[in-house]
Amino acid sequence: MIRKCLFPAAGYGTRFLPATKAMPKEMLPIVNKPLIQYGVEEAIEAGIFNMAIVTGRGKRALEDHFDISYELENQIKGTSKESYLKNIRHILEVCSFSYTRQMEMKGLGHAILCGETLIGNEPFAVVLSDDLCENAELGVLSQMCKIYEKYRCSIVAVEEVDMEDVSKYGVIAGRIIDENVFVVDNMIEKPSKDKAPSNLAIIGRYILTPDIFEILRHTPPGKNGEIQITDALLEQCKKGMVLAYKFKGARYDCGSVDGFVKATNIFYEKFLKGEMF
C-alpha cells in the first residue's frame with residue numbers, strides 16, 4: 001500500500017553544535033547505528049523499500065552511509081569485524097535510495113514539498129529521524145500502515161505530552177473513532193499552553209496522501225515564518241479527513257541533548273543484552 005518513505009534531512013542540527021558543524025545530525029549514532037538507519041529499518045519493517053531523502057549542503061555522509069565502501073569492506077573481509085556490516089548490507093540489498101536537495105531552510109512543510117519529485121502521485125510515509133521510536137511487537141510505521149489500509153487518508157502519529165511542553169509541537173484536537181484513532185478537527189503548530197486544543201502532540205511519523213503537495217504549494221508561511229506541514233494538514237482536514245493515531249511504543253526526542261542521551265543509555269542496555277546489533 002505504502003511504497004515510499006520520505007526522510008527530511010536538510011536541517012542544521014544547531015542544538016548539537018559543534019558536533020553537527022560538519023556531520024549531519026541524522027548521522028549521530030545511538031550506540032552503533034546512526035539515527036537515520038533506525039528510521040530506515042522501521043520503514044523496512046513496515047514493508048517500505050523505497051527511501052527518498054531530502055538533503056542539504058554538507059550532507060554527503062548520508063549518501064555515503066547508504067552505499068558500498070569497497071576499501072573498508074575489502075580491509076575487513078574475512079575478519080571478525082565483517083559481521084558489523086551485516087545490517088547495513090541487508091539494507092543496501094533490499095532498498096533503493098534517491099536524493100534531492102532543499103536549497104533553503106523554509107520549514108518541514110517545504111522540505112516535504114521538495115520531496116515531491118521523488119515521491120510522485122502516490123501515498124507515502126514520512127520519518128523524522130531525530131524522533132527515534134521503538135516498540136517490541138510492531139513498529140510505529142507498521143501500526144500506521146495498518147490504519148491507512150482501513151481509512152486511506154493522511155495520518156499523523158501523536159502522543160500525550162505535559163501541557164508545559166505543548167509549545168514545542170504541533171497539537172491536535174479530535175474525536176475518537178477507533179482504538180487510539182482520532183478524526184482531527186483542529187491542529188495548531190507550537191501553541192501556547194492556554195491556546196493548546198489538547199495535549200496530543202504530533203511526533204515525527206506521518207502517512208500522507210499525494211494531494212498534500214498541491215496544498216503545500218499554496219500554504220503561506222506560518223509559525224516562525226516557515227511553511228508548516230501542520231497548516232497544510234489542517235487545510236486537508238477541511239477538504240477530507242485526517243487521522244491522528246496514538247501509537248503504541250516509546251519515542252525519544254533525539255533532536256534534544258537530553259533525549260539523545262536517554263536513548264543512548266536505553267539502547268546501550270539492549271546492546272549489552274544482545275537485543276540489537
# chains A, B, ... in the order shown; residues from 1 in each chain; ligands from 1
>>> select_by_dssp(residues="stretch 116-165 of chain A", states="alpha helix (DSSP H)", output="VMD selection string")
chain A and resid 116 to 119 140 to 151
>>> closest_atom_pairs(of="stretch 54-170 of chain A", to="stretch 217-241 of chain A", cutoff="12 Å", atoms="only C-alpha atoms", output="tab-separated table")
residue	atom	partner	partner_atom	distance
A:Glu104	CA	A:Glu226	CA	10.7
A:Met105	CA	A:Glu226	CA	8.3
A:Lys106	CA	A:Glu226	CA	5.0
A:Gly107	CA	A:Glu226	CA	4.7
A:Leu108	CA	A:Gln228	CA	5.9
A:Gly109	CA	A:Ile229	CA	4.2
A:His110	CA	A:Ile227	CA	5.6
A:Ala111	CA	A:Ile227	CA	8.8
A:Ile112	CA	A:Ile229	CA	8.0
A:Leu113	CA	A:Arg217	CA	7.4
A:Cys114	CA	A:Arg217	CA	10.1
A:Glu116	CA	A:Arg217	CA	10.7
A:Val126	CA	A:Ile229	CA	11.2
A:Tyr148	CA	A:Met241	CA	11.8
A:Tyr151	CA	A:Met241	CA	9.1
A:Arg152	CA	A:Met241	CA	9.3
A:Cys153	CA	A:Met241	CA	6.4
A:Ser154	CA	A:Met241	CA	7.3
A:Ile155	CA	A:Met241	CA	9.1
A:Val156	CA	A:Leu233	CA	9.2
A:Ser167	CA	A:Lys223	CA	11.2
A:Lys168	CA	A:Lys223	CA	11.5
A:Tyr169	CA	A:Thr230	CA	9.7
A:Gly170	CA	A:Thr230	CA	6.5
>>> closest_residue(among="A:Ala250, A:Val54, A:Ile91, A:Val181", to="A:Gln37", atoms="only C-alpha atoms")
A:Ile91
>>> closest_residue(among="A:Pro191, A:Pro18, A:Gly56, A:Gly47", to="A:Cys95", atoms="only C-alpha atoms")
A:Gly47
>>> closest_residue(among="A:Val161, A:Tyr245, A:Leu92, A:Asp185", to="A:Asn199", atoms="only C-alpha atoms")
A:Val161
>>> residues_around(residues="A:Phe247", least_positions_apart="6", cutoff="7 Å", atoms="only C-alpha atoms", output="VMD selection string")
chain A and resid 140 157 to 159
>>> closest_residue(among="A:Cys254, A:Met163, A:Met187, A:Ala43", to="A:Gly13", atoms="only C-alpha atoms")
A:Cys254
>>> atom_distance(atom1="atom CA of A:Ser192", atom2="atom CA of A:Ala173")
14.5 Å
>>> select_by_dssp(residues="stretch 122-218 of chain A", states="strand (DSSP E)", output="PyMOL selection string")
chain A and resi 124-127+131-134+154-160+170-178+181-189+200-208
>>> write_last_selection(atoms="C-alpha atoms", output="JSON list (two decimals), in the first residue's frame")
[["chain", "number", "residue", "atom", "x", "y", "z"],
["A", 124, "PHE", "CA", 3.88, 7.94, 1.25],
["A", 125, "ALA", "CA", 5.32, 7.79, 4.74],
["A", 126, "VAL", "CA", 7.43, 10.48, 6.38],
["A", 127, "VAL", "CA", 10.01, 9.79, 9.08],
["A", 131, "ASP", "CA", 12.33, 11.09, 16.68],
["A", 132, "LEU", "CA", 13.59, 7.60, 17.50],
["A", 133, "CYS", "CA", 10.68, 5.20, 18.07],
["A", 134, "GLU", "CA", 10.62, 1.63, 19.29],
["A", 154, "SER", "CA", -3.42, 11.15, 5.84],
["A", 155, "ILE", "CA", -2.39, 10.07, 9.33],
["A", 156, "VAL", "CA", -0.21, 11.74, 11.96],
["A", 157, "ALA", "CA", 1.30, 9.94, 14.95],
["A", 158, "VAL", "CA", 0.58, 11.59, 18.30],
["A", 159, "GLU", "CA", 1.48, 11.08, 21.93],
["A", 160, "GLU", "CA", 0.37, 12.72, 25.16],
["A", 170, "GLY", "CA", 2.02, 20.64, 16.59],
["A", 171, "VAL", "CA", -1.04, 19.80, 18.70],
["A", 172, "ILE", "CA", -4.32, 18.24, 17.55],
["A", 173, "ALA", "CA", -7.93, 18.22, 18.68],
["A", 174, "GLY", "CA", -10.21, 15.43, 17.52],
["A", 175, "ARG", "CA", -12.86, 12.85, 18.25],
["A", 176, "ILE", "CA", -12.08, 9.19, 18.70],
["A", 177, "ILE", "CA", -13.43, 6.77, 16.06],
["A", 178, "ASP", "CA", -11.39, 3.64, 16.73],
["A", 181, "VAL", "CA", -7.53, 6.70, 16.39],
["A", 182, "PHE", "CA", -8.92, 10.25, 16.21],
["A", 183, "VAL", "CA", -10.53, 12.24, 13.41],
["A", 184, "VAL", "CA", -8.69, 15.55, 13.51],
["A", 185, "ASP", "CA", -10.89, 18.64, 13.87],
["A", 186, "ASN", "CA", -8.14, 21.14, 14.54],
["A", 187, "MET", "CA", -4.38, 21.35, 14.83],
["A", 188, "ILE", "CA", -2.12, 24.19, 15.86],
["A", 189, "GLU", "CA", 1.63, 24.50, 15.42],
["A", 200, "LEU", "CA", -1.89, 15.27, 21.97],
["A", 201, "ALA", "CA", 1.33, 16.26, 20.23],
["A", 202, "ILE", "CA", 2.35, 15.30, 16.68],
["A", 203, "ILE", "CA", 5.66, 13.43, 16.51],
["A", 204, "GLY", "CA", 7.87, 12.62, 13.55],
["A", 205, "ARG", "CA", 5.80, 9.93, 11.82],
["A", 206, "TYR", "CA", 3.28, 10.67, 9.06],
["A", 207, "ILE", "CA", 1.46, 8.93, 6.26],
["A", 208, "LEU", "CA", 0.41, 11.49, 3.67]]
>>> residues_around(residues="A:Arg89", least_positions_apart="3", cutoff="9 Å", atoms="only C-alpha atoms", output="number ranges by chain")
A: 66-68, 85-86, 92-94
>>> residues_around(residues="A:Leu118", least_positions_apart="2", cutoff="12 Å", atoms="only C-alpha atoms", output="JSON, numbers by chain")
{"A": [3, 4, 5, 6, 7, 8, 50, 51, 52, 53, 54, 96, 97, 98, 99, 100, 101, 111, 112, 113, 114, 115, 116, 120, 121, 122, 123, 124, 210, 213]}
